[in-house]
file upload_6.cif (mmCIF, C-alpha atoms and all ligand atoms)
data_upload
#
loop_
_atom_site.label_atom_id
_atom_site.label_comp_id
_atom_site.auth_asym_id
_atom_site.auth_seq_id
_atom_site.Cartn_x
_atom_site.Cartn_y
_atom_site.Cartn_z
CA MET A 20 -135.24 117.77 233.54
CA GLY A 21 -135.19 116.09 230.13
CA ALA A 22 -134.91 117.86 226.78
CA GLU A 23 -138.67 117.69 226.26
CA ARG A 24 -140.46 120.99 225.56
CA GLN A 25 -138.88 123.50 227.95
CA PRO A 26 -141.73 124.61 230.19
CA ALA A 27 -142.21 128.32 230.76
CA GLY A 28 -139.95 129.16 233.67
CA SER A 29 -137.05 126.92 232.66
CA SER A 30 -133.92 128.91 233.36
CA VAL A 31 -131.26 130.10 230.97
CA SER A 32 -127.49 130.51 231.10
CA ILE A 33 -125.84 132.92 228.66
CA ILE A 34 -122.25 132.05 227.81
CA GLY A 35 -120.95 135.15 225.99
CA PRO A 36 -123.31 138.07 226.67
CA GLY A 37 -122.52 139.94 223.46
CA ARG A 38 -124.99 141.25 220.88
CA ALA A 39 -126.93 138.03 220.25
CA GLY A 40 -126.57 136.66 223.79
CA MET A 41 -127.99 139.82 225.35
CA ALA A 42 -130.85 139.95 222.82
CA LEU A 43 -131.83 136.31 223.31
CA GLY A 44 -131.41 136.52 227.08
CA ARG A 45 -133.64 139.57 227.35
CA ALA A 46 -136.28 138.11 225.04
CA LEU A 47 -136.30 134.76 226.85
CA GLU A 48 -136.56 136.49 230.21
CA SER A 49 -139.57 138.49 228.93
CA ALA A 50 -141.05 135.19 227.74
CA GLY A 51 -140.83 133.70 231.24
CA HIS A 52 -137.42 132.00 231.08
CA PRO A 53 -135.29 133.76 233.68
CA VAL A 54 -131.58 134.24 233.00
CA ARG A 55 -130.15 132.37 236.00
CA SER A 56 -126.46 132.71 235.16
CA PHE A 57 -123.96 133.98 232.63
CA HIS A 58 -120.29 133.75 231.88
CA ALA A 59 -118.58 136.81 230.42
CA ARG A 60 -114.96 136.80 229.40
CA SER A 61 -114.28 140.51 229.81
CA PRO A 62 -115.06 142.95 232.65
CA ALA A 63 -117.13 145.01 230.18
CA GLY A 64 -119.19 141.92 229.33
CA ARG A 65 -119.67 141.11 233.01
CA ASP A 66 -120.87 144.67 233.76
CA ARG A 67 -123.23 144.64 230.79
CA ALA A 68 -124.79 141.31 231.72
CA ALA A 69 -125.00 142.16 235.43
CA ALA A 70 -126.81 145.41 234.61
CA PHE A 71 -129.47 143.65 232.54
CA PHE A 72 -129.73 140.42 234.53
CA PRO A 73 -129.28 141.60 238.14
CA ALA A 74 -130.65 138.35 239.58
CA ALA A 75 -128.25 136.19 237.57
CA VAL A 76 -125.06 134.62 238.93
CA ALA A 77 -121.79 135.50 237.14
CA GLY A 78 -120.02 132.17 236.65
CA ALA A 79 -116.24 132.40 236.73
CA THR A 80 -116.06 129.74 233.99
CA PRO A 81 -118.49 128.60 231.29
CA ALA A 82 -118.94 125.31 233.17
CA GLU A 83 -119.76 127.08 236.45
CA ALA A 84 -122.44 129.20 234.75
CA ALA A 85 -123.79 126.27 232.72
CA ALA A 86 -124.30 124.14 235.82
CA LEU A 87 -126.92 126.56 237.16
CA ALA A 88 -129.52 126.60 234.37
CA ASP A 89 -131.82 124.39 232.31
CA VAL A 90 -130.95 125.86 228.91
CA ILE A 91 -127.39 126.86 228.02
CA LEU A 92 -126.92 129.36 225.20
CA LEU A 93 -123.41 129.46 223.74
CA ALA A 94 -123.57 132.99 222.27
CA VAL A 95 -119.86 133.15 221.44
CA PRO A 96 -118.38 133.73 217.94
CA ASP A 97 -118.83 130.81 215.52
CA ASP A 98 -115.17 129.85 215.68
CA ARG A 99 -115.17 129.67 219.49
CA ILE A 100 -118.22 127.39 219.98
CA GLU A 101 -116.34 124.09 220.01
CA GLU A 102 -113.65 125.36 222.38
CA VAL A 103 -116.25 126.72 224.83
CA ALA A 104 -118.31 123.52 224.56
CA ALA A 105 -115.14 121.57 225.40
CA ARG A 106 -114.50 123.79 228.46
CA ILE A 107 -118.03 123.10 229.67
CA ALA A 108 -117.68 119.37 229.07
CA ARG A 109 -114.36 119.28 230.97
CA GLY A 110 -115.83 121.23 233.87
CA VAL A 111 -118.76 118.93 234.58
CA ALA A 112 -118.93 115.14 234.66
CA ARG A 113 -122.34 115.22 233.00
CA VAL A 114 -124.00 118.38 231.69
CA PRO A 115 -126.93 118.95 234.04
CA ALA A 116 -128.83 121.21 231.62
CA PRO A 117 -129.85 118.88 228.84
CA LEU A 118 -130.34 121.55 226.16
CA VAL A 119 -127.15 123.26 224.93
CA ALA A 120 -127.73 125.61 222.01
CA HIS A 121 -125.48 127.82 219.96
CA LEU A 122 -126.73 130.70 217.83
CA SER A 123 -124.52 130.36 214.76
CA GLY A 124 -126.02 130.19 211.29
CA ARG A 125 -123.06 128.48 209.69
CA HIS A 126 -122.80 125.52 212.07
CA GLY A 127 -125.06 122.58 212.77
CA ILE A 128 -124.53 120.60 215.96
CA GLY A 129 -120.98 119.52 215.04
CA PRO A 130 -119.14 121.99 217.31
CA LEU A 131 -121.35 120.92 220.24
CA GLY A 132 -119.83 117.41 220.13
CA PRO A 133 -117.99 117.82 223.44
CA VAL A 134 -121.18 118.58 225.40
CA ALA A 135 -123.18 115.93 223.54
CA ALA A 136 -120.53 113.44 224.67
CA VAL A 137 -121.34 114.22 228.32
CA GLY A 138 -125.09 113.93 227.99
CA ALA A 139 -126.38 117.23 226.60
CA HIS A 140 -128.90 117.52 223.80
CA PRO A 141 -127.16 119.80 221.26
CA VAL A 142 -129.17 122.33 219.25
CA ALA A 143 -128.21 124.89 216.62
CA LEU A 144 -130.68 127.72 217.18
CA HIS A 145 -129.99 130.51 214.72
CA PRO A 146 -132.22 133.58 214.59
CA ILE A 147 -132.44 134.95 211.04
CA MET A 148 -132.14 138.49 212.30
CA THR A 149 -129.52 141.16 212.85
CA LEU A 150 -129.08 141.82 216.56
CA THR A 151 -127.24 144.70 218.20
CA GLY A 152 -127.86 143.78 221.84
CA GLY A 153 -129.81 147.03 222.26
CA PRO A 154 -133.47 147.54 223.23
CA GLY A 155 -134.56 147.55 219.55
CA ASP A 156 -133.87 143.80 219.36
CA ALA A 157 -136.78 142.92 221.62
CA GLY A 158 -139.48 143.57 219.04
CA ARG A 159 -137.47 141.95 216.25
CA LEU A 160 -137.28 138.39 217.58
CA ALA A 161 -141.06 137.96 217.54
CA GLY A 162 -141.79 136.86 213.98
CA THR A 163 -138.16 135.87 213.35
CA THR A 164 -137.49 132.45 211.84
CA PHE A 165 -134.89 130.32 213.64
CA GLY A 166 -132.79 127.83 211.64
CA VAL A 167 -132.81 124.78 213.93
CA THR A 168 -130.66 121.66 213.70
CA THR A 169 -130.69 118.79 216.19
CA ALA A 170 -129.11 115.33 216.18
CA PRO A 171 -130.94 112.88 213.87
CA GLY A 172 -133.74 111.24 215.84
CA ASP A 173 -133.41 113.56 218.83
CA SER A 174 -137.07 114.50 218.77
CA ALA A 175 -136.93 115.65 222.40
CA ALA A 176 -134.34 118.31 221.53
CA GLU A 177 -136.34 119.40 218.50
CA GLU A 178 -139.46 119.71 220.59
CA ALA A 179 -137.60 121.69 223.24
CA ALA A 180 -136.19 124.05 220.61
CA ARG A 181 -139.65 124.47 219.08
CA GLY A 182 -140.99 125.35 222.52
CA LEU A 183 -138.37 128.03 223.14
CA VAL A 184 -138.87 129.56 219.70
CA ALA A 185 -142.64 129.54 220.14
CA ASP A 186 -142.26 131.30 223.48
CA LEU A 187 -140.25 134.01 221.68
CA GLY A 188 -143.02 134.37 219.09
CA GLY A 189 -140.69 133.02 216.41
CA ARG A 190 -140.95 130.35 213.73
CA VAL A 191 -138.81 127.24 213.19
CA ALA A 192 -137.12 126.08 209.99
CA ILE A 193 -135.52 122.65 210.47
CA ILE A 194 -132.18 122.59 208.61
CA PRO A 195 -130.40 119.23 208.07
CA GLU A 196 -126.83 119.21 209.37
CA GLU A 197 -125.34 118.86 205.88
CA MET A 198 -127.32 121.88 204.62
CA ARG A 199 -126.10 124.39 207.22
CA VAL A 200 -123.43 125.94 205.01
CA ILE A 201 -125.87 126.43 202.13
CA TYR A 202 -128.52 127.70 204.55
CA HIS A 203 -126.14 130.33 205.89
CA ALA A 204 -124.84 131.21 202.42
CA SER A 205 -128.43 132.03 201.40
CA LEU A 206 -128.66 134.54 204.24
CA VAL A 207 -125.26 136.08 203.49
CA LEU A 208 -126.28 136.42 199.84
CA GLY A 209 -129.69 137.91 200.60
CA GLY A 210 -128.77 139.94 203.68
CA ASN A 211 -125.11 140.97 203.82
CA PHE A 212 -124.54 141.14 200.08
CA LEU A 213 -127.79 143.01 199.51
CA ALA A 214 -126.29 145.70 201.75
CA THR A 215 -123.04 145.55 199.77
CA LEU A 216 -124.97 145.93 196.52
CA ALA A 217 -127.04 148.84 197.86
CA THR A 218 -123.87 150.60 199.03
CA ALA A 219 -122.14 150.07 195.68
CA ALA A 220 -125.22 151.32 193.80
CA GLY A 221 -125.25 154.44 195.96
CA ARG A 222 -121.57 155.11 195.20
CA LEU A 223 -122.19 154.71 191.48
CA ALA A 224 -125.18 157.06 191.63
CA ALA A 225 -123.00 159.63 193.42
CA THR A 226 -120.38 159.25 190.67
CA ALA A 227 -123.12 160.02 188.16
CA GLY A 228 -123.98 163.21 190.09
CA VAL A 229 -126.96 162.12 192.20
CA PRO A 230 -126.71 164.44 195.25
CA ASP A 231 -128.49 162.28 197.84
CA PRO A 232 -127.97 158.66 196.68
CA ALA A 233 -129.60 157.02 199.72
CA GLY A 234 -132.66 159.26 199.40
CA ALA A 235 -132.87 158.78 195.64
CA LEU A 236 -132.32 155.02 195.61
CA GLY A 237 -134.19 154.21 198.83
CA PRO A 238 -137.75 154.10 197.46
CA LEU A 239 -136.63 152.06 194.40
CA LEU A 240 -134.65 149.57 196.49
CA ARG A 241 -137.42 149.10 199.05
CA ALA A 242 -140.08 148.60 196.36
CA SER A 243 -137.85 146.14 194.46
CA LEU A 244 -137.22 144.11 197.60
CA GLU A 245 -140.87 144.02 198.61
CA ASN A 246 -141.91 143.02 195.08
CA ALA A 247 -139.22 140.34 194.81
CA LEU A 248 -140.17 138.81 198.17
CA ALA A 249 -143.85 138.79 197.19
CA HIS A 250 -143.66 137.80 193.51
CA GLY A 251 -140.15 136.50 192.69
CA GLU A 252 -139.13 136.75 189.02
CA HIS A 253 -142.59 137.97 188.07
CA ALA A 254 -141.87 141.31 189.77
CA MET A 255 -138.58 141.91 187.92
CA THR A 256 -138.32 144.99 185.74
CA GLY A 257 -135.40 146.67 183.99
CA PRO A 258 -133.36 146.14 180.81
CA VAL A 259 -132.80 142.37 181.28
CA ARG A 260 -136.52 141.76 181.79
CA ARG A 261 -137.33 143.89 178.72
CA GLY A 262 -134.65 142.21 176.62
CA ASP A 263 -132.95 145.57 176.00
CA VAL A 264 -129.67 144.03 174.86
CA GLY A 265 -128.20 147.37 173.73
CA THR A 266 -128.70 148.98 177.13
CA VAL A 267 -127.14 146.02 178.94
CA ARG A 268 -124.16 146.00 176.53
CA ALA A 269 -123.57 149.74 177.00
CA GLN A 270 -123.74 149.58 180.80
CA SER A 271 -121.49 146.54 180.95
CA ALA A 272 -118.87 148.19 178.70
CA GLU A 273 -118.92 151.49 180.60
CA LEU A 274 -118.61 149.75 183.96
CA SER A 275 -115.62 147.76 182.66
CA ARG A 276 -113.84 151.06 182.06
CA LEU A 277 -114.83 152.45 185.45
CA ASP A 278 -114.47 149.53 187.86
CA ALA A 279 -113.55 145.99 186.78
CA ASP A 280 -114.89 144.35 189.96
CA LEU A 281 -118.24 146.11 189.67
CA ALA A 282 -118.39 145.16 185.97
CA ASP A 283 -117.91 141.50 186.97
CA VAL A 284 -120.75 141.78 189.50
CA TYR A 285 -122.99 143.45 186.91
CA ALA A 286 -122.22 140.76 184.32
CA THR A 287 -122.80 137.89 186.75
CA LEU A 288 -126.08 139.37 187.99
CA ALA A 289 -127.27 140.10 184.45
CA VAL A 290 -126.66 136.45 183.52
CA LEU A 291 -128.31 135.22 186.73
CA THR A 292 -131.31 137.48 186.04
CA ALA A 293 -131.60 136.26 182.44
CA ASP A 294 -131.34 132.62 183.60
CA SER A 295 -134.04 133.13 186.26
CA LEU A 296 -136.38 134.88 183.84
CA GLN A 297 -135.84 132.23 181.17
CA SER A 298 -136.47 129.38 183.66
CA ALA A 299 -139.68 131.11 184.75
CA GLY A 300 -140.78 131.36 181.11
CA LEU A 301 -140.56 135.16 181.18
CA LEU A 302 -137.72 135.61 178.69
CA ALA A 303 -137.38 133.94 175.27
CA PRO A 304 -134.28 131.67 175.02
CA ASP A 305 -132.81 133.65 172.08
CA VAL A 306 -133.16 136.97 173.95
CA ALA A 307 -131.62 135.42 177.07
CA ALA A 308 -128.70 134.14 174.96
CA ALA A 309 -128.18 137.60 173.41
CA LEU A 310 -128.14 139.17 176.88
CA ARG A 311 -125.59 136.62 178.12
CA SER A 312 -123.23 137.41 175.29
CA ALA A 313 -123.74 141.19 175.66
CA VAL A 314 -122.02 141.40 179.03
CA ALA A 315 -118.28 141.73 179.39
CA ARG A 316 -116.79 139.02 181.61
CA ARG A 317 -113.14 138.81 182.53
N1 LIG B 1 -125.37 139.68 216.24
C1 LIG B 1 -126.16 139.14 215.32
O1 LIG B 1 -126.79 139.85 214.54
C2 LIG B 1 -126.34 137.65 215.27
C3 LIG B 1 -127.50 137.16 214.65
C4 LIG B 1 -127.71 135.79 214.61
C5 LIG B 1 -126.77 134.93 215.16
N2 LIG B 1 -125.63 135.42 215.74
C6 LIG B 1 -124.66 134.46 216.30
O2 LIG B 1 -124.51 134.71 217.68
C7 LIG B 1 -123.18 134.35 218.07
C8 LIG B 1 -122.54 135.53 218.78
O3 LIG B 1 -122.46 136.62 217.87
P1 LIG B 1 -122.51 138.14 218.39
O4 LIG B 1 -122.83 138.97 217.21
O5 LIG B 1 -123.36 138.23 219.61
O6 LIG B 1 -120.98 138.35 218.79
P2 LIG B 1 -120.38 139.38 219.85
O7 LIG B 1 -121.26 140.56 220.01
O8 LIG B 1 -118.97 139.58 219.47
O9 LIG B 1 -120.44 138.58 221.22
C9 LIG B 1 -119.65 137.43 221.45
C10 LIG B 1 -119.55 137.19 222.93
O10 LIG B 1 -118.76 136.00 223.13
C11 LIG B 1 -117.73 136.29 224.07
N3 LIG B 1 -116.57 135.44 223.76
C12 LIG B 1 -115.75 135.52 222.68
N4 LIG B 1 -114.84 134.54 222.72
C13 LIG B 1 -115.07 133.84 223.86
C14 LIG B 1 -114.45 132.73 224.47
N5 LIG B 1 -113.41 132.11 223.90
N6 LIG B 1 -114.95 132.29 225.65
C15 LIG B 1 -116.01 132.91 226.24
N7 LIG B 1 -116.65 133.96 225.70
C16 LIG B 1 -116.18 134.42 224.52
C17 LIG B 1 -117.44 137.77 223.90
O11 LIG B 1 -116.83 138.25 225.05
P3 LIG B 1 -116.07 139.68 225.05
O12 LIG B 1 -117.18 140.69 225.22
O13 LIG B 1 -115.18 139.56 226.22
O14 LIG B 1 -115.35 139.78 223.73
C18 LIG B 1 -118.86 138.32 223.69
O15 LIG B 1 -119.53 138.49 224.91
C19 LIG B 1 -122.44 133.94 216.81
O16 LIG B 1 -122.47 132.54 216.68
C20 LIG B 1 -123.26 134.58 215.71
O17 LIG B 1 -123.17 133.89 214.49
C21 LIG B 1 -125.41 136.76 215.81
#

call {"tool": "encode", "arguments": {"input": "upload_6.cif", "output": "structure tokens"}}
result
Amino acid sequence: MGAERQPAGSSVSIIGPGRAGMALGRALESAGHPVRSFHARSPAGRDRAAAFFPAAVAGATPAEAAALADVILLAVPDDRIEEVAARIARGVARVPAPLVAHLSGRHGIGPLGPVAAVGAHPVALHPIMTLTGGPGDAGRLAGTTFGVTTAPGDSAAEEAARGLVADLGGRVAIIPEEMRVIYHASLVLGGNFLATLATAAGRLAATAGVPDPAGALGPLLRASLENALAHGEHAMTGPVRRGDVGTVRAQSAELSRLDADLADVYATLAVLTADSLQSAGLLAPDVAAALRSAVARR
């Protein structure tokens, strides 16, 4: 079978049935792509995969599992992809399943070099979603965007990846190889660090005496996020948007006394907010300049 659009029914091998591997395996199976094989490193992983994919063969090595399916998913940690790809490449003279995908956001097809060298079509197939491996993941992959990278000119691999994502009900964003780090940084900034910021804001609210910070901040945070996603800078409110330089100066100074790291974050975000608003024509340049100089930066 070539790397052209994987027809419904093409089989899947999961190498590393952890959180993402289990989620993708279960979703692909529901979409008509049976999980034919898996390779799990630990007994716990083997038991987990065997329970969910009873018809699948447990390969003793990644190469043994990979040889049995049409689509190989390397669902191992980012730093292990190249090593596992090399084990597969060493174990088979020519990779029989032409599509070998990993699920990492950070990497393009670079770490799949060893399998590409023995005939596979490498694909980076990253779901922009948080996956726990539990039943709740099933409904989340439909509507998820996948950051996809293939080798330049490998239109067959791109078409195959598009087919798999379509079967999952997802959407494809093609990311050039050299943009993968920036692509992933955008998700870390918007996803992981949003959680960090929400947690820090809750702690600060508790310090100020708010009894149920998550309950108090929740509606504000959710509305801000929804508005920002829908309207960008135009939905921003608060002291930077209003040009309330005195308020920003007071908060920045007080935070510097309380927590220097948080004060740095506040200052950087205030400047970023002023810059964004100014670029969008929503803040006069002199007010933006006053805001920039009002924040305390180490
Ligand atoms: N979880 C998410 O929300 C999410 C979302 C999008 C993309 N991803 C991507 O999906 C990939 C897997 O992440 P995850 O969250 O699913 O990690 P995980 O839950 O830790 O699962 C990793 C799996 O890989 C296995 N493994 C680790 N090292 C291995 C090796 N050297 N050889 C063979 N198997 C090995 C682990 O086996 P053991 O069980 O024996 O440790 C485990 O089954 C990563 O590239 C990640 O960036 C994850």

call {"tool": "residues_near_point", "arguments": {"input": "upload_6.cif", "point": "(-126.8, 150.8, 197.8)", "cutoff": "12 Å", "atoms": "all atoms listed in the file", "output": "list of chain:residue names"}}
result
A:Asn211, A:Phe212, A:Leu213, A:Ala214, A:Thr215, A:Leu216, A:Ala217, A:Thr218, A:Ala219, A:Ala220, A:Gly221, A:Arg222, A:Leu223, A:Ala224, A:Ala225, A:Asp231, A:Pro232, A:Ala233, A:Gly234, A:Ala235, A:Leu236, A:Gly237, A:Pro238, A:Leu239, A:Leu240, A:Arg241

call {"tool": "write_last_selection", "arguments": {"input": "upload_6.cif", "atoms": "C-alpha atoms", "output": "PDB file, in the frame of the given file"}}
result
ATOM      1  CA  ASN A 211    -125.110 140.970 203.820  1.00  0.00           C
ATOM      2  CA  PHE A 212    -124.540 141.140 200.080  1.00  0.00           C
ATOM      3  CA  LEU A 213    -127.790 143.010 199.510  1.00  0.00           C
ATOM      4  CA  ALA A 214    -126.290 145.700 201.750  1.00  0.00           C
ATOM      5  CA  THR A 215    -123.040 145.550 199.770  1.00  0.00           C
ATOM      6  CA  LEU A 216    -124.970 145.930 196.520  1.00  0.00           C
ATOM      7  CA  ALA A 217    -127.040 148.840 197.860  1.00  0.00           C
ATOM      8  CA  THR A 218    -123.870 150.600 199.030  1.00  0.00           C
ATOM      9  CA  ALA A 219    -122.140 150.070 195.680  1.00  0.00           C
ATOM     10  CA  ALA A 220    -125.220 151.320 193.800  1.00  0.00           C
ATOM     11  CA  GLY A 221    -125.250 154.440 195.960  1.00  0.00           C
ATOM     12  CA  ARG A 222    -121.570 155.110 195.200  1.00  0.00           C
ATOM     13  CA  LEU A 223    -122.190 154.710 191.480  1.00  0.00           C
ATOM     14  CA  ALA A 224    -125.180 157.060 191.630  1.00  0.00           C
ATOM     15  CA  ALA A 225    -123.000 159.630 193.420  1.00  0.00           C
ATOM     16  CA  ASP A 231    -128.490 162.280 197.840  1.00  0.00           C
ATOM     17  CA  PRO A 232    -127.970 158.660 196.680  1.00  0.00           C
ATOM     18  CA  ALA A 233    -129.600 157.020 199.720  1.00  0.00           C
ATOM     19  CA  GLY A 234    -132.660 159.260 199.400  1.00  0.00           C
ATOM     20  CA  ALA A 235    -132.870 158.780 195.640  1.00  0.00           C
ATOM     21  CA  LEU A 236    -132.320 155.020 195.610  1.00  0.00           C
ATOM     22  CA  GLY A 237    -134.190 154.210 198.830  1.00  0.00           C
ATOM     23  CA  PRO A 238    -137.750 154.100 197.460  1.00  0.00           C
ATOM     24  CA  LEU A 239    -136.630 152.060 194.400  1.00  0.00           C
ATOM     25  CA  LEU A 240    -134.650 149.570 196.490  1.00  0.00           C
ATOM     26  CA  ARG A 241    -137.420 149.100 199.050  1.00  0.00           C
TER      27      ARG A 241
END

call {"tool": "closest_residue", "arguments": {"input": "upload_6.cif", "among": "A:Arg99, A:Gly138, A:Ala85, A:Gly153", "to": "Gly40 (chain A)", "atoms": "only C-alpha atoms"}}
result
A:Gly153

call {"tool": "residues_near_ligand", "arguments": {"input": "upload_6.cif", "ligand": "ligand LIG 1 (chain B)", "cutoff": "9 Å", "atoms": "all atoms listed in the file", "output": "ChimeraX atom specification"}}
result
/A:34-42,58-65,80-81,93-100,102-103,106,121-126,144-152

call {"tool": "write_last_selection", "arguments": {"input": "upload_6.cif", "atoms": "C-alpha atoms", "output": "PDB file, in the frame of the given file"}}
result
ATOM      1  CA  ILE A  34    -122.250 132.050 227.810  1.00  0.00           C
ATOM      2  CA  GLY A  35    -120.950 135.150 225.990  1.00  0.00           C
ATOM      3  CA  PRO A  36    -123.310 138.070 226.670  1.00  0.00           C
ATOM      4  CA  GLY A  37    -122.520 139.940 223.460  1.00  0.00           C
ATOM      5  CA  ARG A  38    -124.990 141.250 220.880  1.00  0.00           C
ATOM      6  CA  ALA A  39    -126.930 138.030 220.250  1.00  0.00           C
ATOM      7  CA  GLY A  40    -126.570 136.660 223.790  1.00  0.00           C
ATOM      8  CA  MET A  41    -127.990 139.820 225.350  1.00  0.00           C
ATOM      9  CA  ALA A  42    -130.850 139.950 222.820  1.00  0.00           C
ATOM     10  CA  HIS A  58    -120.290 133.750 231.880  1.00  0.00           C
ATOM     11  CA  ALA A  59    -118.580 136.810 230.420  1.00  0.00           C
ATOM     12  CA  ARG A  60    -114.960 136.800 229.400  1.00  0.00           C
ATOM     13  CA  SER A  61    -114.280 140.510 229.810  1.00  0.00           C
ATOM     14  CA  PRO A  62    -115.060 142.950 232.650  1.00  0.00           C
ATOM     15  CA  ALA A  63    -117.130 145.010 230.180  1.00  0.00           C
ATOM     16  CA  GLY A  64    -119.190 141.920 229.330  1.00  0.00           C
ATOM     17  CA  ARG A  65    -119.670 141.110 233.010  1.00  0.00           C
ATOM     18  CA  THR A  80    -116.060 129.740 233.990  1.00  0.00           C
ATOM     19  CA  PRO A  81    -118.490 128.600 231.290  1.00  0.00           C
ATOM     20  CA  LEU A  93    -123.410 129.460 223.740  1.00  0.00           C
ATOM     21  CA  ALA A  94    -123.570 132.990 222.270  1.00  0.00           C
ATOM     22  CA  VAL A  95    -119.860 133.150 221.440  1.00  0.00           C
ATOM     23  CA  PRO A  96    -118.380 133.730 217.940  1.00  0.00           C
ATOM     24  CA  ASP A  97    -118.830 130.810 215.520  1.00  0.00           C
ATOM     25  CA  ASP A  98    -115.170 129.850 215.680  1.00  0.00           C
ATOM     26  CA  ARG A  99    -115.170 129.670 219.490  1.00  0.00           C
ATOM     27  CA  ILE A 100    -118.220 127.390 219.980  1.00  0.00           C
ATOM     28  CA  GLU A 102    -113.650 125.360 222.380  1.00  0.00           C
ATOM     29  CA  VAL A 103    -116.250 126.720 224.830  1.00  0.00           C
ATOM     30  CA  ARG A 106    -114.500 123.790 228.460  1.00  0.00           C
ATOM     31  CA  HIS A 121    -125.480 127.820 219.960  1.00  0.00           C
ATOM     32  CA  LEU A 122    -126.730 130.700 217.830  1.00  0.00           C
ATOM     33  CA  SER A 123    -124.520 130.360 214.760  1.00  0.00           C
ATOM     34  CA  GLY A 124    -126.020 130.190 211.290  1.00  0.00           C
ATOM     35  CA  ARG A 125    -123.060 128.480 209.690  1.00  0.00           C
ATOM     36  CA  HIS A 126    -122.800 125.520 212.070  1.00  0.00           C
ATOM     37  CA  LEU A 144    -130.680 127.720 217.180  1.00  0.00           C
ATOM     38  CA  HIS A 145    -129.990 130.510 214.720  1.00  0.00           C
ATOM     39  CA  PRO A 146    -132.220 133.580 214.590  1.00  0.00           C
ATOM     40  CA  ILE A 147    -132.440 134.950 211.040  1.00  0.00           C
ATOM     41  CA  MET A 148    -132.140 138.490 212.300  1.00  0.00           C
ATOM     42  CA  THR A 149    -129.520 141.160 212.850  1.00  0.00           C
ATOM     43  CA  LEU A 150    -129.080 141.820 216.560  1.00  0.00           C
ATOM     44  CA  THR A 151    -127.240 144.700 218.200  1.00  0.00           C
ATOM     45  CA  GLY A 152    -127.860 143.780 221.840  1.00  0.00           C
TER      46      GLY A 152
END

call {"tool": "atom_distance", "arguments": {"input": "upload_6.cif", "atom1": "CA of Glu196 (chain A)", "atom2": "CA of Leu248 (chain A)"}}
result
26.2 Å

call {"tool": "atom_distance", "arguments": {"input": "upload_6.cif", "atom1": "CA of Asp294 (chain A)", "atom2": "CA of Arg311 (chain A)"}}
result
8.9 Å

call {"tool": "atom_distance", "arguments": {"input": "upload_6.cif", "atom1": "CA of Ser275 (chain A)", "atom2": "CA of Ala315 (chain A)"}}
result
7.4 Å

call {"tool": "closest_residue", "arguments": {"input": "upload_6.cif", "among": "A:Arg159, A:His52, A:His253, A:Arg45", "to": "Phe72 (chain A)", "atoms": "all atoms listed in the file"}}
result
A:Arg45

call {"tool": "residues_around", "arguments": {"input": "upload_6.cif", "residues": "region 179-190 of chain A", "least_positions_apart": "4", "cutoff": "12 Å", "atoms": "only C-alpha atoms", "output": "MDAnalysis selection string"}}
result
chainID A and resid 20:31 42:52 89:92 117:122 140:148 156:169 173:175

call {"tool": "closest_residue", "arguments": {"input": "upload_6.cif", "among": "A:Arg261, A:Arg67, A:Arg276, A:Arg55", "to": "Ala88 (chain A)", "atoms": "only C-alpha atoms"}}
result
A:Arg55

call {"tool": "residues_near_point", "arguments": {"input": "upload_6.cif", "point": "(-124.6, 114.7, 211.9)", "cutoff": "7 Å", "atoms": "all atoms listed in the file", "output": "ChimeraX atom specification"}}
result
/A:129,170-171,196

call {"tool": "residues_around", "arguments": {"input": "upload_6.cif", "residues": "Ala299 (chain A)", "least_positions_apart": "5", "cutoff": "12 Å", "atoms": "all atoms listed in the file", "output": "PDB file with C-alpha atoms, keeping the file's coordinate frame"}}
result
ATOM      1  CA  HIS A 250    -143.660 137.800 193.510  1.00  0.00           C
ATOM      2  CA  GLY A 251    -140.150 136.500 192.690  1.00  0.00           C
ATOM      3  CA  GLU A 252    -139.130 136.750 189.020  1.00  0.00           C
ATOM      4  CA  HIS A 253    -142.590 137.970 188.070  1.00  0.00           C
ATOM      5  CA  ALA A 254    -141.870 141.310 189.770  1.00  0.00           C
ATOM      6  CA  MET A 255    -138.580 141.910 187.920  1.00  0.00           C
ATOM      7  CA  ARG A 260    -136.520 141.760 181.790  1.00  0.00           C
ATOM      8  CA  THR A 292    -131.310 137.480 186.040  1.00  0.00           C
ATOM      9  CA  ALA A 293    -131.600 136.260 182.440  1.00  0.00           C
ATOM     10  CA  ASP A 294    -131.340 132.620 183.600  1.00  0.00           C
ATOM     11  CA  PRO A 304    -134.280 131.670 175.020  1.00  0.00           C
ATOM     12  CA  ALA A 307    -131.620 135.420 177.070  1.00  0.00           C
TER      13      ALA A 307
END
